[in-house]
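Trainee: The file below is protein.csv, CSV, C-alpha atoms:
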chain,number,residue,atom,x,y,z
A,1,GLN,CA,36.5,-33.0,-17.1
A,2,LEU,CA,35.6,-33.7,-13.4
A,3,MET,CA,38.6,-36.0,-13.0
A,4,ALA,CA,40.9,-33.7,-14.9
A,5,TRP,CA,40.1,-30.6,-12.8
A,6,THR,CA,40.2,-32.6,-9.5
A,7,ALA,CA,43.7,-33.9,-10.4
A,8,ALA,CA,44.8,-30.5,-11.6
A,9,ALA,CA,43.6,-28.9,-8.3
A,10,LEU,CA,45.7,-31.5,-6.3
A,11,PHE,CA,48.7,-30.9,-8.5
A,12,CYS,CA,48.5,-27.1,-8.0
A,13,ALA,CA,47.9,-27.5,-4.2
A,14,VAL,CA,51.0,-29.7,-3.8
A,15,ASN,CA,53.1,-27.1,-5.6
A,16,LEU,CA,51.6,-24.4,-3.5
A,17,TRP,CA,52.5,-26.3,-0.3
A,18,LYS,CA,56.1,-26.7,-1.5
A,19,THR,CA,56.5,-22.9,-1.6
A,20,SER,CA,57.6,-20.9,1.4
A,21,PRO,CA,56.6,-17.3,2.2
A,22,LYS,CA,60.2,-16.6,3.2
A,23,THR,CA,62.2,-18.2,0.4
A,24,THR,CA,59.8,-18.4,-2.6
A,25,PRO,CA,59.3,-15.4,-4.8
A,26,PRO,CA,55.9,-13.9,-4.0
A,27,ARG,CA,54.7,-14.1,-7.7
A,28,VAL,CA,55.4,-17.8,-7.8
A,29,ARG,CA,53.5,-18.5,-4.5
A,30,TRP,CA,50.6,-16.3,-5.6
A,31,ALA,CA,50.5,-18.0,-9.0
A,32,TRP,CA,50.1,-21.4,-7.5
A,33,LEU,CA,47.5,-20.1,-5.0
A,34,VAL,CA,45.4,-18.6,-7.8
A,35,ALA,CA,45.8,-21.8,-9.9
A,36,THR,CA,44.7,-23.9,-7.0
A,37,ALA,CA,41.6,-21.8,-6.4
A,38,LEU,CA,40.7,-21.8,-10.1
A,39,THR,CA,41.1,-25.5,-10.7
A,40,GLY,CA,39.2,-26.3,-7.5
A,41,VAL,CA,36.2,-24.2,-8.4
A,42,PHE,CA,36.3,-25.6,-12.0
A,43,ALA,CA,35.9,-29.1,-10.5
A,44,ILE,CA,32.9,-27.9,-8.4
A,45,LEU,CA,31.3,-26.2,-11.4
A,46,ILE,CA,31.4,-29.6,-13.2
A,47,LYS,CA,29.7,-31.5,-10.3
A,48,TRP,CA,29.1,-30.4,-6.7
A,49,THR,CA,30.3,-33.7,-5.3
A,50,ALA,CA,33.8,-32.8,-6.5
A,51,GLY,CA,33.8,-30.3,-3.7
A,52,VAL,CA,35.4,-32.9,-1.5
A,53,GLY,CA,38.8,-32.4,-3.2
A,54,PRO,CA,38.9,-28.6,-2.8
A,55,LEU,CA,37.6,-29.1,0.8
A,56,LEU,CA,40.6,-31.3,1.6
A,57,ILE,CA,42.9,-28.8,0.0
A,58,ALA,CA,41.4,-25.9,1.9
A,59,GLY,CA,41.7,-27.8,5.2
A,60,ALA,CA,45.3,-28.8,4.6
A,61,SER,CA,46.1,-25.2,3.5
A,62,VAL,CA,44.4,-23.5,6.5
A,63,PHE,CA,45.5,-25.9,9.3
A,64,GLY,CA,48.6,-27.6,7.8
A,65,ILE,CA,49.1,-31.3,7.5
A,66,TYR,CA,50.0,-32.9,10.8
A,67,SER,CA,51.8,-36.2,11.4
A,68,VAL,CA,53.4,-38.2,14.2
A,69,THR,CA,57.2,-38.2,14.1
A,70,HIS,CA,60.2,-39.5,16.2
A,71,ARG,CA,61.4,-36.1,17.3
A,72,ASP,CA,58.1,-34.4,17.9
A,73,ARG,CA,54.9,-36.2,19.0
A,74,ILE,CA,53.0,-34.0,16.5
A,75,ARG,CA,54.4,-31.9,13.8
A,76,ARG,CA,52.9,-29.7,11.1
A,77,ARG,CA,54.3,-30.9,7.8
A,78,ARG,CA,53.4,-27.9,5.7
A,79,PRO,CA,52.8,-24.4,7.2
A,80,ALA,CA,49.3,-23.1,6.9
A,81,LEU,CA,48.5,-20.3,4.5
A,82,SER,CA,48.2,-16.8,6.0
A,83,PRO,CA,44.7,-15.5,6.6
A,84,VAL,CA,45.1,-13.1,3.7
A,85,GLU,CA,46.1,-15.9,1.3
A,86,CYS,CA,43.1,-18.0,2.5
A,87,ALA,CA,40.7,-15.1,2.0
A,88,VAL,CA,42.0,-14.3,-1.5
A,89,ALA,CA,41.7,-18.0,-2.5
A,90,GLY,CA,38.2,-18.2,-1.2
A,91,ALA,CA,37.2,-14.9,-2.8
A,92,ILE,CA,38.6,-16.1,-6.2
A,93,ALA,CA,36.7,-19.4,-5.9
A,94,VAL,CA,33.4,-17.6,-5.1
A,95,PHE,CA,33.8,-15.0,-7.7
A,96,VAL,CA,34.5,-17.5,-10.5
A,97,TYR,CA,31.6,-19.7,-9.4
A,98,VAL,CA,29.2,-16.8,-9.6
A,99,LEU,CA,30.8,-15.4,-12.7
A,100,PHE,CA,30.0,-18.5,-14.8
A,101,PHE,CA,26.3,-18.3,-13.8
A,102,ALA,CA,26.3,-14.6,-14.8
A,103,LEU,CA,27.9,-15.5,-18.2
A,104,HIS,CA,25.3,-18.3,-18.6
A,105,PHE,CA,22.4,-15.9,-18.2
A,106,LEU,CA,24.1,-13.2,-20.3
A,107,LEU,CA,24.7,-15.6,-23.3
A,108,LEU,CA,21.3,-17.2,-23.0
A,109,PRO,CA,18.8,-14.4,-22.6
A,110,LEU,CA,15.9,-16.4,-24.1
A,111,SER,CA,13.9,-19.2,-22.6
A,112,GLY,CA,13.6,-22.8,-24.0
A,113,ASP,CA,12.6,-26.3,-23.2
A,114,GLY,CA,15.0,-26.6,-20.4
A,115,ASP,CA,13.6,-23.7,-18.3
A,116,ALA,CA,11.6,-26.0,-15.9
A,117,PHE,CA,14.1,-25.2,-13.1
A,118,MET,CA,13.6,-21.5,-13.4
A,119,LYS,CA,11.3,-19.2,-11.5
A,120,ASP,CA,8.0,-18.3,-13.1
A,121,GLU,CA,8.9,-14.6,-12.7
A,122,TRP,CA,12.0,-15.3,-14.8
A,123,LYS,CA,10.1,-17.0,-17.5
A,124,ARG,CA,7.4,-14.3,-17.7
A,125,ALA,CA,10.2,-11.8,-18.6
A,126,ARG,CA,11.4,-13.9,-21.5
A,127,PRO,CA,9.7,-13.3,-24.9
A,128,SER,CA,10.3,-16.9,-26.1
A,129,SER,CA,8.6,-18.4,-23.1
A,130,SER,CA,5.0,-19.5,-23.1
A,131,PHE,CA,4.7,-17.7,-19.7
A,132,TYR,CA,5.8,-14.4,-21.3
A,133,THR,CA,4.0,-11.3,-20.0
A,134,LYS,CA,4.8,-7.9,-21.7
A,135,ASP,CA,5.1,-5.8,-18.5
A,136,ALA,CA,6.8,-8.5,-16.4
A,137,VAL,CA,9.9,-7.5,-14.5
A,138,ALA,CA,12.7,-10.1,-14.4
A,139,PRO,CA,14.0,-11.0,-10.9
A,140,SER,CA,17.5,-9.9,-10.0
A,141,PHE,CA,20.6,-11.9,-10.9
A,142,LEU,CA,21.3,-12.7,-7.2
A,143,SER,CA,17.7,-13.9,-6.6
A,144,THR,CA,17.9,-16.1,-9.8
A,145,PHE,CA,21.4,-17.4,-8.9
A,146,LEU,CA,20.4,-18.5,-5.4
A,147,TYR,CA,17.1,-20.0,-6.5
A,148,LEU,CA,18.8,-22.0,-9.3
A,149,ASN,CA,21.4,-23.4,-7.0
A,150,TYR,CA,18.8,-24.4,-4.4
A,151,SER,CA,16.6,-25.9,-7.2
A,152,MET,CA,19.5,-28.0,-8.5
A,153,TYR,CA,20.1,-29.4,-5.0
A,154,ALA,CA,16.4,-30.0,-4.3
A,155,ARG,CA,15.7,-31.6,-7.6
A,156,SER,CA,18.7,-33.9,-7.3
A,157,ALA,CA,17.9,-34.9,-3.7
A,158,GLY,CA,14.2,-35.4,-4.7
A,159,ILE,CA,14.9,-38.1,-7.3
A,160,VAL,CA,13.4,-41.3,-5.9
A,161,ALA,CA,12.6,-43.2,-9.1
A,162,THR,CA,14.5,-46.5,-9.4
A,163,HIS,CA,16.6,-47.4,-12.4
A,164,ASN,CA,17.7,-50.8,-13.7
A,165,TRP,CA,21.3,-49.9,-13.6
A,166,ALA,CA,21.4,-48.0,-10.3
A,167,THR,CA,24.0,-49.3,-7.9
A,168,HIS,CA,25.0,-48.7,-4.3
A,169,TRP,CA,28.2,-47.4,-2.8
A,170,TYR,CA,29.3,-50.8,-1.4
A,171,GLN,CA,28.9,-52.3,-4.9
A,172,TRP,CA,31.3,-49.7,-6.2
A,173,ILE,CA,33.9,-50.6,-3.6
A,174,ALA,CA,33.8,-54.3,-4.6
A,175,ASN,CA,33.3,-53.5,-8.3
A,176,SER,CA,30.5,-56.0,-8.2
A,177,ARG,CA,28.3,-54.2,-10.8
A,178,GLY,CA,28.9,-51.7,-13.6
A,179,LEU,CA,26.7,-49.8,-16.0
A,180,MET,CA,25.5,-51.2,-19.4
A,181,TYR,CA,25.5,-48.4,-22.0
A,182,PHE,CA,24.3,-50.5,-24.9
A,183,ARG,CA,24.0,-54.0,-26.2
A,184,ARG,CA,23.7,-54.8,-30.0
A,185,ILE,CA,23.2,-58.4,-31.2
A,186,ALA,CA,24.0,-58.6,-35.0
A,187,ASP,CA,23.5,-62.4,-35.2
A,188,ILE,CA,24.1,-65.5,-33.0
A,189,ARG,CA,27.8,-65.2,-33.6
A,190,ASN,CA,28.3,-61.5,-33.1
A,191,MET,CA,27.3,-59.3,-30.2
A,192,ARG,CA,28.5,-55.8,-29.2
A,193,LEU,CA,28.2,-54.3,-25.8
A,194,MET,CA,29.7,-51.3,-23.9
A,195,TYR,CA,29.9,-51.9,-20.2
A,196,LEU,CA,31.2,-49.2,-17.8
A,197,LEU,CA,33.4,-51.0,-15.2
A,198,VAL,CA,36.3,-49.9,-13.2
A,199,ASN,CA,39.4,-51.8,-14.2
A,200,PRO,CA,39.0,-54.8,-12.0
A,201,PHE,CA,42.6,-55.1,-10.9
A,202,VAL,CA,42.6,-51.4,-10.1
A,203,ALA,CA,39.4,-51.6,-8.1
A,204,TRP,CA,40.5,-54.6,-6.0
A,205,CYS,CA,44.0,-53.3,-5.6
A,206,ILE,CA,42.6,-50.0,-4.2
A,207,LEU,CA,40.3,-52.0,-1.8
A,208,ALA,CA,43.3,-54.1,-0.6
A,209,PHE,CA,45.5,-51.0,0.0
A,210,LEU,CA,42.7,-49.1,1.7
A,211,VAL,CA,42.3,-51.9,4.2
A,212,ALA,CA,46.1,-52.4,4.6
A,213,TYR,CA,46.7,-48.7,5.1
A,214,VAL,CA,44.7,-48.7,8.3
A,215,GLY,CA,46.8,-51.5,9.9
A,216,VAL,CA,50.1,-50.2,8.6
A,217,ALA,CA,49.3,-46.6,9.6
A,218,LEU,CA,48.3,-47.6,13.2
A,219,TYR,CA,51.4,-49.7,13.6
A,220,ALA,CA,53.7,-46.9,12.2
A,221,ALA,CA,52.0,-44.4,14.5
A,222,VAL,CA,52.5,-46.6,17.5
A,223,CYS,CA,56.2,-47.1,16.6
A,224,CYS,CA,56.6,-43.4,16.2
A,225,VAL,CA,55.0,-42.4,19.5
A,226,THR,CA,56.7,-45.2,21.5
A,227,ARG,CA,59.9,-45.0,19.6
A,228,LYS,CA,59.7,-48.7,19.2
A,229,LYS,CA,61.8,-50.3,16.4
A,230,SER,CA,60.1,-52.0,13.5
A,231,LEU,CA,59.7,-55.8,13.6
A,232,VAL,CA,62.1,-55.9,10.6
A,233,PRO,CA,64.6,-53.1,11.1
A,234,SER,CA,66.2,-53.5,7.7
A,235,LEU,CA,62.8,-52.7,6.1
A,236,GLU,CA,62.1,-49.7,8.4
A,237,PRO,CA,61.4,-46.6,6.3
A,238,SER,CA,63.0,-43.2,7.2
A,239,VAL,CA,61.2,-40.7,9.5
A,240,ASP,CA,60.4,-38.5,6.5
A,241,VAL,CA,58.9,-41.4,4.5
A,242,ARG,CA,56.9,-42.5,7.5
A,243,ARG,CA,55.7,-39.0,8.1
A,244,ARG,CA,54.6,-38.6,4.5
A,245,PHE,CA,52.9,-42.0,4.6
A,246,LEU,CA,50.9,-41.0,7.6
A,247,ALA,CA,50.1,-37.4,6.7
A,248,ILE,CA,49.7,-37.4,2.9
A,249,GLY,CA,48.4,-41.0,2.7
A,250,GLY,CA,45.9,-40.2,5.5
A,251,MET,CA,44.6,-37.2,3.6
A,252,PHE,CA,44.1,-39.3,0.5
A,253,TRP,CA,42.5,-42.1,2.5
A,254,ALA,CA,40.1,-39.6,4.0
A,255,GLY,CA,39.4,-38.2,0.5
A,256,TYR,CA,38.4,-41.6,-0.8
A,257,TRP,CA,35.7,-42.1,1.9
A,258,LEU,CA,34.6,-38.5,1.9
A,259,ASN,CA,33.8,-38.8,-1.8
A,260,LEU,CA,31.7,-41.8,-1.0
A,261,LEU,CA,30.0,-40.2,2.0
A,262,PRO,CA,27.3,-38.2,0.0
A,263,TYR,CA,26.0,-41.4,-1.6
A,264,ILE,CA,25.8,-43.5,1.6
A,265,PRO,CA,22.6,-42.0,3.2
A,266,VAL,CA,20.7,-41.0,0.1
A,267,LYS,CA,17.9,-42.9,-1.5
A,268,ARG,CA,18.1,-41.4,-5.0
A,269,PRO,CA,19.6,-43.8,-7.7
A,270,ALA,CA,23.3,-43.5,-8.2
A,271,PHE,CA,25.6,-45.1,-10.8
A,272,SER,CA,29.0,-46.5,-11.0
A,273,TYR,CA,30.5,-43.4,-12.6
A,274,HIS,CA,29.8,-41.6,-9.3
A,275,TYR,CA,32.6,-43.7,-7.9
A,276,MET,CA,35.3,-42.1,-10.2
A,277,PRO,CA,36.5,-39.3,-7.7
A,278,SER,CA,37.0,-42.0,-5.0
A,279,VAL,CA,38.9,-44.1,-7.4
A,280,LEU,CA,41.4,-41.2,-7.9
A,281,TYR,CA,42.0,-40.9,-4.2
A,282,GLY,CA,42.3,-44.7,-3.9
A,283,GLU,CA,44.9,-44.7,-6.6
A,284,LEU,CA,46.8,-42.0,-4.7
A,285,VAL,CA,46.7,-44.1,-1.5
A,286,THR,CA,48.2,-47.0,-3.5
A,287,ALA,CA,50.9,-44.8,-5.0
A,288,ILE,CA,51.9,-43.4,-1.6
A,289,ALA,CA,52.1,-46.9,-0.1
A,290,ILE,CA,54.3,-48.2,-2.9
A,291,ASP,CA,56.5,-45.0,-2.8
A,292,SER,CA,56.9,-45.5,1.0
A,293,LEU,CA,58.7,-48.9,0.5
A,294,PRO,CA,62.2,-48.5,2.0
A,295,GLN,CA,64.3,-49.7,-0.8
A,296,ARG,CA,64.4,-48.4,-4.3
A,297,ARG,CA,64.3,-51.8,-6.0
A,298,HIS,CA,61.2,-52.7,-4.0
A,299,ARG,CA,59.5,-49.5,-5.3
A,300,TRP,CA,60.5,-50.3,-8.8
A,301,ILE,CA,59.2,-53.9,-8.5
A,302,GLY,CA,56.0,-52.8,-6.9
A,303,SER,CA,55.4,-50.1,-9.6
A,304,CYS,CA,56.1,-52.5,-12.4
A,305,VAL,CA,53.8,-55.2,-11.1
A,306,VAL,CA,50.9,-52.8,-10.6
A,307,PHE,CA,51.4,-51.3,-14.0
A,308,ALA,CA,51.7,-54.7,-15.8
A,309,LEU,CA,48.6,-56.1,-14.1
A,310,THR,CA,46.6,-52.9,-14.7
A,311,PHE,CA,47.6,-52.9,-18.4
A,312,ALA,CA,46.8,-56.7,-18.7
A,313,ALA,CA,43.3,-56.1,-17.2
A,314,PHE,CA,42.7,-53.2,-19.6
A,315,VAL,CA,43.6,-55.4,-22.6
A,316,HIS,CA,41.5,-58.3,-21.2
A,317,TRP,CA,38.3,-56.1,-20.9
A,318,SER,CA,39.0,-53.8,-23.8
A,319,ASP,CA,36.2,-55.4,-25.8
A,320,TRP,CA,33.7,-54.0,-23.3
A,321,ILE,CA,35.5,-50.6,-23.3
A,322,TYR,CA,35.3,-50.1,-27.0
A,323,GLY,CA,32.2,-52.1,-27.9
A,324,VAL,CA,34.1,-54.6,-30.0
A,325,SER,CA,31.9,-57.2,-31.7
A,326,ARG,CA,32.6,-60.7,-30.3
A,327,ALA,CA,30.9,-64.0,-30.0
A,328,PRO,CA,28.6,-64.3,-27.0
A,329,GLN,CA,30.8,-67.0,-25.5
A,330,ILE,CA,33.7,-64.5,-25.4
A,331,HIS,CA,31.6,-61.9,-23.6
A,332,GLU,CA,30.5,-64.6,-21.1
A,333,ARG,CA,34.1,-65.3,-20.3
A,334,LEU,CA,34.7,-61.7,-19.5
A,335,ARG,CA,31.8,-61.8,-17.0
A,336,TRP,CA,33.8,-62.8,-13.9
A,337,LEU,CA,31.1,-61.8,-11.4
A,338,ARG,CA,27.5,-62.7,-11.4
A,339,HIS,CA,26.2,-59.1,-11.4
A,340,TRP,CA,28.3,-57.9,-14.3
A,341,ASP,CA,25.2,-58.2,-16.4
Output the file's structure in the form of structure tokens.
Mentor:
Amino acid sequence: QLMAWTAAALFCAVNLWKTSPKTTPPRVRWAWLVATALTGVFAILIKWTAGVGPLLIAGASVFGIYSVTHRDRIRRRRPALSPVECAVAGAIAVFVYVLFFALHFLLLPLSGDGDAFMKDEWKRARPSSSFYTKDAVAPSFLSTFLYLNYSMYARSAGIVATHNWATHWYQWIANSRGLMYFRRIADIRNMRLMYLLVNPFVAWCILAFLVAYVGVALYAAVCCVTRKKSLVPSLEPSVDVRRRFLAIGGMFWAGYWLNLLPYIPVKRPAFSYHYMPSVLYGELVTAIAIDSLPQRRHRWIGSCVVFALTFAAFVHWSDWIYGVSRAPQIHERLRWLRHWD
């Protein structure tokens, strides 16, 4: 759900940016604005760290997406939303976020085993709680809402216990360790295991394109500012393609690292599935890079090669994805890196 809503928010935002206040029917523009706000807040409701995506969308919507061009040293690629539109989108997001908590409390008026995060005053007003007091007055919704959100943050940040399958952000980038969900040994000839691992080709392709993007973007920016011709003029992309590569690719590149940022300084255990939002933005950087190739046949070749190798890697490691029973020797051959244990 997290990945689906994040991708949906980006899709709606791109369609919103394609509209124009002057030429697009207002109902169409407002429909995309509402859809962007809703999908963004749905992603945040799944997991707070998904807020990086809506934050990028909000920044690009408020300030526009800037890039270096031949004709102008700096040009805004997409016009910023009006203050009214920004206020409406923000109000929708806040309202829906609070609304889901209100519905949660409305549909679950009783207390249960999962009430450890709630205030004692709240539990004393619930007949099913062991803290129940007949004349207790329940705290207001606003007080409970604010306390619960703070409690979720504090409890998450306060987790310091280690875990055997905990991994660090730099291991996610290199795909050097995954997450073992289960291992079943039927006999000496059959073993089943399910191992969560980013498709190795995808992970290493993303890493290569992230590194390459920095060099190519700097070179393209220098060529734009100085109006210097490319080293290979026949392969020089158009101004529009270069602008898109620098602006949109730069936003996705930043989205990759911003999604990693919350996990860099923290000491709490994290797992490889926390890397999934960054993978999405890394894939988008790769797509923008291939789509920026100057000739159509180069784009086709690049797309086909990436798809074929991705599919081949999926098939190769599918035994780990679906928990297929195989001989231990086969599982050992799938273990390309030492820490894929």
Trainee: Would you compute the distance between atom CA of His331 of chain A and atom CA of Met194 of chain A? Give it in Å to one decimal.
Mentor: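 Atom CA of His331 of chain A sits 10.8 Å away from atom CA of Met194 of chain A.
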Trainee: Go through A:Leu55, A:Ala136, A:Ser61, A:Leu81 and flag the residue nearest Pro21 of chain A, using all atoms listed in the file for the distances.
Mentor: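 Nearest candidate to Pro21 of chain A out of A:Leu55, A:Ala136, A:Ser61, A:Leu81: A:Leu81.
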Trainee: Ranking A:Glu283, A:Ala58, A:Gly112, A:Tyr147 by minimum distance to Ala9 of chain A and counting all atoms listed in the file, which one comes first?
Mentor: A:Ala58
Trainee: Restricting the calculation to all atoms listed in the file: of A:Phe245, A:Val98, A:Trp30, A:Val202, which residue gets closest to Ala308 of chain A?
Mentor: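 The shortest atom-to-atom distance to Ala308 of chain A comes from A:Val202.
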Trainee: Have a look at A:Val305, A:Ala8, A:Val28, A:Ile57 and name the one nearest to Phe42 of chain A; count all atoms listed in the file.
Mentor: A:Ala8
Trainee: Grab the atom CA of Ala166 of chain A to atom CA of Tyr273 of chain A distance for me, in Å with one decimal place.
Mentor: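 Interatomic distance, atom CA of Ala166 of chain A to atom CA of Tyr273 of chain A: 10.5 Å.
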Trainee: Using all atoms listed in the file, can you tell me which of A:Lys47, A:Val279, A:Ser272, A:Tyr97 comes closest to Tyr181 of chain A?
Mentor: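 Nearest candidate to Tyr181 of chain A out of A:Lys47, A:Val279, A:Ser272, A:Tyr97: A:Ser272.
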Trainee: With distances taken over all atoms listed in the file, which residue among A:Ala247, A:Ala4, A:Ala287, A:Ala217 lies nearest Ile46 of chain A?
Mentor: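 Distance minimum relative to Ile46 of chain A lands on A:Ala4.
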Trainee: I need every residue sitting at most 9 Å from the point (52.8, -44.4, 0.9) (coordinates as in the file, all atoms listed in the file considered), written as a list in words.
Mentor: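 Output: Tyr213, Val241, Arg242, Arg244, Phe245, Leu246, Ile248, Gly249, Leu284, Val285, Thr286, Ala287, Ile288, Ala289, Ile290, Asp291, Ser292 and Leu293 of chain A.
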Trainee: Within 7 Å of (23.1, -45.5, -4.8), in the coordinates the file gives, what residues turn up when you count only C-alpha atoms, written out as a PyMOL selection string?
Mentor: chain A and resi 166-169+263+267-271
Trainee: What's around Phe11 of chain A at 12 Å? Count all atoms listed in the file, leave out sequence neighbours fewer than 4 positions away in its own chain, and write the answer as number ranges by chain.
Mentor: A: 4-7, 15-18, 32-33, 35-37, 39-40, 53-54, 57, 284
Trainee: What does the structure give for the distance between atom CA of Leu196 of chain A and atom CA of Ala161 of chain A, in Å to one decimal?
Mentor: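 Distance reported for this atom pair: 21.4 Å.
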Trainee: Which residues, written as a PDB file with C-alpha atoms, in the frame of the given file, have at least one atom at most 10 Å from Leu261 of chain A, with only C-alpha atoms counted and residues fewer than 4 positions away on the same chain left out?
Mentor:
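Saved result, selection_30.pdb, follows:
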ATOM      1  CA  THR A  49      30.300 -33.700  -5.300  1.00  0.00           C
ATOM      2  CA  VAL A  52      35.400 -32.900  -1.500  1.00  0.00           C
ATOM      3  CA  TRP A 169      28.200 -47.400  -2.800  1.00  0.00           C
ATOM      4  CA  GLY A 255      39.400 -38.200   0.500  1.00  0.00           C
ATOM      5  CA  TYR A 256      38.400 -41.600  -0.800  1.00  0.00           C
ATOM      6  CA  TRP A 257      35.700 -42.100   1.900  1.00  0.00           C
ATOM      7  CA  PRO A 265      22.600 -42.000   3.200  1.00  0.00           C
ATOM      8  CA  VAL A 266      20.700 -41.000   0.100  1.00  0.00           C
TER       9      VAL A 266
END
Trainee: Could you name the residues that touch segment 319-330 of chain A at 6 Å or less, counting only C-alpha atoms, but leaving out those on the same chain fewer than 2 positions away, as number ranges by chain?
Mentor: A: 189-195, 317, 332-333
